[in-house]
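Engineer: After the structure tokens below, expect a handful of questions from me.
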2 protein chains.
Amino acid sequence: VTTVHSDDQLNESLAHIRRLLERHRLLDALAHRQEGPKKDLLESLQHRQNLADVHKRVNALHAADAAYVLEALPPDERQVVWEQLRPDLAGQAFVEVGEAVREWLAETTPPDTLATVLETLDPDDLRYVREWVTPDVFAEVARTLASADRQAVEDAAHYDEDDIGHYMTRDMIAVPDTYSIQHVLSDLRARGELPPQTDRLFVVDARNVLRAAIPLQALVLLEPSVPVLAAAITDVTTVDARSPISQAVTAFERYDLVSAPVVDDRGKLVGRLTVDAVMDMARTQADQRALAQAGLSRGEDLFASPWDSARNRWPWLGLNLVTAFIASRVIGQFEGAIRGLAALAALMPIVASIGGNTGNQTTALMIRALAGDQVRFSGVHRLLTKEIVVSLMNGSVWGVLVGLAAIALYSNLALGAVMAGAVILNLVVAALAGVAIPFALHRAGRDPAYGSSVLLTFVTDAMGFFLFLGLATIFLI
Amino acid sequence: VTTVHSDDQLNESLAHIRRLLERHRLLDALAHRQEGPKKDLLESLQHRQNLADVHKRVNALHAADAAYVLEALPPDERQVVWEQLRPDLAGQAFVEVGEAVREWLAETTPPDTLATVLETLDPDDLRYVREWVTPDVFAEVARTLASADRQAVEDAAHYDEDDIGHYMTRDMIAVPDTYSIQHVLSDLRARGELPPQTDRLFVVDARNVLRAAIPLQALVLLEPSVPVLAAAITDVTTVDARSPISQAVTAFERYDLVSAPVVDDRGKLVGRLTVDAVMDMARTQADQRALAQAGLSRGEDLFASPWDSARNRWPWLGLNLVTAFIASRVIGQFEGAIRGLAALAALMPIVASIGGNTGNQTTALMIRALAGDQVRFSGVHRLLTKEIVVSLMNGSVWGVLVGLAAIALYSNLALGAVMAGAVILNLVVAALAGVAIPFALHRAGRDPAYGSSVLLTFVTDAMGFFLFLGLATIFLI
């Protein structure tokens, strides 16, 4: 019988789990009322039956769906589901959940239980989650590993968290370059199963240097007597174990790869990178950037304690307060002018705001061009020139509009002219800063997505206030 | 000889093309000086030789790299490279480039040339780029297609740009459920080559309803006499041709898929979605969100004319000006207070700014939770409660700090107290708006990443000014 599954079926299953968990909470609450012993017994039976239902439902989930359920549940219900998961499914789910929830699981699970769960993982996954468990638990898990596997896990120490080597798997098939297709086929049949996401086998020479790759389809289509080197593709995109993972993301996107051989600096085959790991990484990068742009250094467990959440947000708020106070001091220098003409106080945020908005547009385009490495190819001066031209055009249009609005509001021609002039000048500042800030961060080896926006807004706020109030002091007061 | 290629080799090749193009520009400039006829001849020879080098280099590129080069070059040099590309490579590059550059290519290429280029595309790719070419060019290309292929292209009209059906390929292998492995193998050998990203074949019944899938490795590992249904996996994740592509992105990420069968509402197999299309889509989505958050409705050609660029940025600037003017009118109501105490004008942006920053943190977390569909599972009221508690904690800490700073600056105890109170209240407003705005947009069927930030900043600015100046009017003036 075919069971083709779809999103709807998953949603139905999740809704069912949700109902079971609510029932569990109700039964729990009833049990705590402690009424007559007879009722207790009945409730306890219902309770156990309900938990058995939860057990059945959650263990029928794919590990990634179980991880999703763990992330979406508040701590008490999350704990119920976590305790009901089979150790192997729990192990996979532990690998799949986001960092914040993984941290929570590692902290709240008793060491022995956690060790039992982690013993079900293969060396690659164990390596990946190693930093989240205490050395004691890790030592206990490592004791159960075969010595070759233990070696594979220990190798992790060689690679940074940003290296391709950190994300590769050692689960791959490499065949000697002296084999024929027939050789390969009988080896594979003896092995029984291929590693997930295997679209090709790697061909290595006697020193384990990568020579070529054989697509799986060649094994299906070709005569068994053909030597592998005749069937193999020699034009292979490799990735370097010590290169940053972002390079691999680009390569997989550009060349539509399913898997790529990972080599060391001497060309020796050390592992295999698969598209699922690359996709996860690309998603994580995009998520982290989106959070970082709002000033969150890391993801937050949706159900983190308010205290943990508050502290996670402090570094950014502190930084922003410093820049806001500096901008405030700029205004402070012109308090005399503001006392003389209070309309200045009402209008100055407009000048700052339009500068911030145009500058952020420029920054967003720059960040994208820098990420695609297009700026190196085309040169930054062309972009800067263009952005300044655009800012002058925008400044003329919006500056005049804003100036006219100011005249309409305050019946003060000079005020309108000052307003228009300040907008034009602040847009030029915004264009300069919008190109220069991300470019400078990129040159300094940092991801321009982190911090560009706060720096830019600081510049356009402070300069917006300074230009508008300064011009007003000169021409109006 | 093995030619394993890496990022370094690509960069070297690109640098070479860059040098050739610069040389081309120099030779062009020399040719326009028009000196003696002898020198002309020599230069023209050099010129032609140089172009031949460009031709050789760019045609050795992978289509995705050629697309990258086209995107990174200013119009004059882009045109040189585009004209030198072989029609088939030009066709693939036309599919791979970003929308802004595709538009430029479609506009600047003569119709006949464009038709020649597009004739090299398969029906899936042609369907994908159809909206960028004029009906005349498309009709000319369609005339060269076999009638089945023309039908496949016309089917595009059935699917929205957001549907999975728009991104699927019809290039797949489906086998009847009555076959044995032997049958399949001989069919494949007769076919000669498998479509890219084929990790499994689909098994259909007589009515073309999907029954199961056979992993490619089963063909390698199993006895030829085994019936396909015995070898096939019946637990297949399918995607629906009319579901939004974002669902497919989630499914591929969660279940580590390389390809998925696309079915219609009756379960019939209509196409195949591959991981490369999904990854491209995920990247495009992430890019568009990042641009949209800065108020750019679409990507911009790095070398678009300033006029086009300026207009691309206007809708956002217009919207922001409206909100900035409203916030300005809020301040305008308190001009009397500001005249009395100009320090208010200097301090009010701080209250607005800290509200905007905390609110954007909340919004970023909400957007992520909504995208992961976790809010539906866990309920919005829990999140709202938590964010309000966090905002009160943050408000107490930062409110007091800001208040003390105000006292230190202006030696005015009451001013500090008003400042602290306004910060606490505005952080509660920010928490409410930070949860409510993305949630409301999501409920209305919109992506909360678009527009949340501008709405939130509007609320926290206007309320920040109102709370601070209002409290000041009551307690200080």
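Chain labels A, B, ... are given in the sequence in which chains occur in the structure tokens; within each chain residues are numbered consecutively from 1, and ligands are likewise numbered from 1 in the order shown.
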Considering only C-alpha atoms, give me a table of residues in chain A that are at most 6 Å from chain B, with the closest atom pair and distance in Å for each, as a Markdown table.

Structural biologist:
```
| residue | atom | partner | partner_atom | distance |
| --- | --- | --- | --- | --- |
| A:Thr2 | CA | B:Thr234 | CA | 4.9 |
| A:Thr3 | CA | B:Asp235 | CA | 5.1 |
| A:Val4 | CA | B:Val236 | CA | 4.9 |
| A:His5 | CA | B:Thr237 | CA | 5.2 |
| A:Ser6 | CA | B:Thr238 | CA | 5.9 |
| A:Ala64 | CA | B:Arg254 | CA | 5.4 |
| A:Ala72 | CA | B:Gln374 | CA | 4.9 |
| A:Leu73 | CA | B:Ser378 | CA | 5.9 |
| A:Arg189 | CA | B:Leu221 | CA | 5.3 |
| A:Arg211 | CA | B:Thr2 | CA | 5.9 |
| A:Leu221 | CA | B:Arg189 | CA | 5.3 |
| A:Thr234 | CA | B:Thr2 | CA | 4.9 |
| A:Asp235 | CA | B:Thr3 | CA | 5.1 |
| A:Val236 | CA | B:Val4 | CA | 4.9 |
| A:Thr237 | CA | B:His5 | CA | 5.1 |
| A:Thr238 | CA | B:Ser6 | CA | 5.9 |
| A:Arg254 | CA | B:Ala64 | CA | 5.4 |
| A:Asp256 | CA | B:Asp276 | CA | 5.2 |
| A:Asp276 | CA | B:Asp256 | CA | 5.1 |
| A:Leu291 | CA | B:Ala364 | CA | 5.9 |
| A:Ala294 | CA | B:Gln361 | CA | 5.1 |
| A:Pro306 | CA | B:Val390 | CA | 5.1 |
| A:Ala310 | CA | B:Val390 | CA | 5.6 |
| A:Ala324 | CA | B:Ile350 | CA | 5.5 |
| A:Ser328 | CA | B:Ala346 | CA | 4.9 |
| A:Ile331 | CA | B:Ala346 | CA | 5.1 |
| A:Gly332 | CA | B:Ala346 | CA | 5.4 |
| A:Glu335 | CA | B:Ala342 | CA | 5.5 |
| A:Arg339 | CA | B:Arg339 | CA | 4.7 |
| A:Ala342 | CA | B:Glu335 | CA | 5.5 |
| A:Ala345 | CA | B:Ala345 | CA | 5.7 |
| A:Ala346 | CA | B:Ser328 | CA | 4.9 |
| A:Leu347 | CA | B:Ser328 | CA | 6.0 |
| A:Ile350 | CA | B:Ala324 | CA | 5.5 |
| A:Asn360 | CA | B:Ala294 | CA | 5.8 |
| A:Gln361 | CA | B:Ala294 | CA | 5.2 |
| A:Ala364 | CA | B:Leu291 | CA | 6.0 |
| A:Gln374 | CA | B:Ala72 | CA | 4.9 |
| A:Ser378 | CA | B:Ala72 | CA | 5.7 |
| A:Val390 | CA | B:Pro306 | CA | 5.2 |
```

Engineer: Would you mind listing what lies within 7 Å of A:Glu103 as JSON, numbers by chain, with only C-alpha atoms counted and same-chain residues fewer than 4 positions away left out?

Structural biologist: {"A": [99, 107, 132]}

Engineer: From stretch 215-427 of chain A, collect each residue whose DSSP state is strand (DSSP E or B) and return the set as a ChimeraX atom specification.

Structural biologist: /A:215,227,233,237,239-240,244,259-263,268-274

Engineer: Fewer than 5 positions away in the same chain doesn't count, so skip those; otherwise give me all residues within 12 Å of stretch 108-114 of chain A, counting only C-alpha atoms, as a ChimeraX atom specification.

Structural biologist: /A:75-76,78-80,82-83,85-88,90-91,94,101-103,119-121,129,132-141
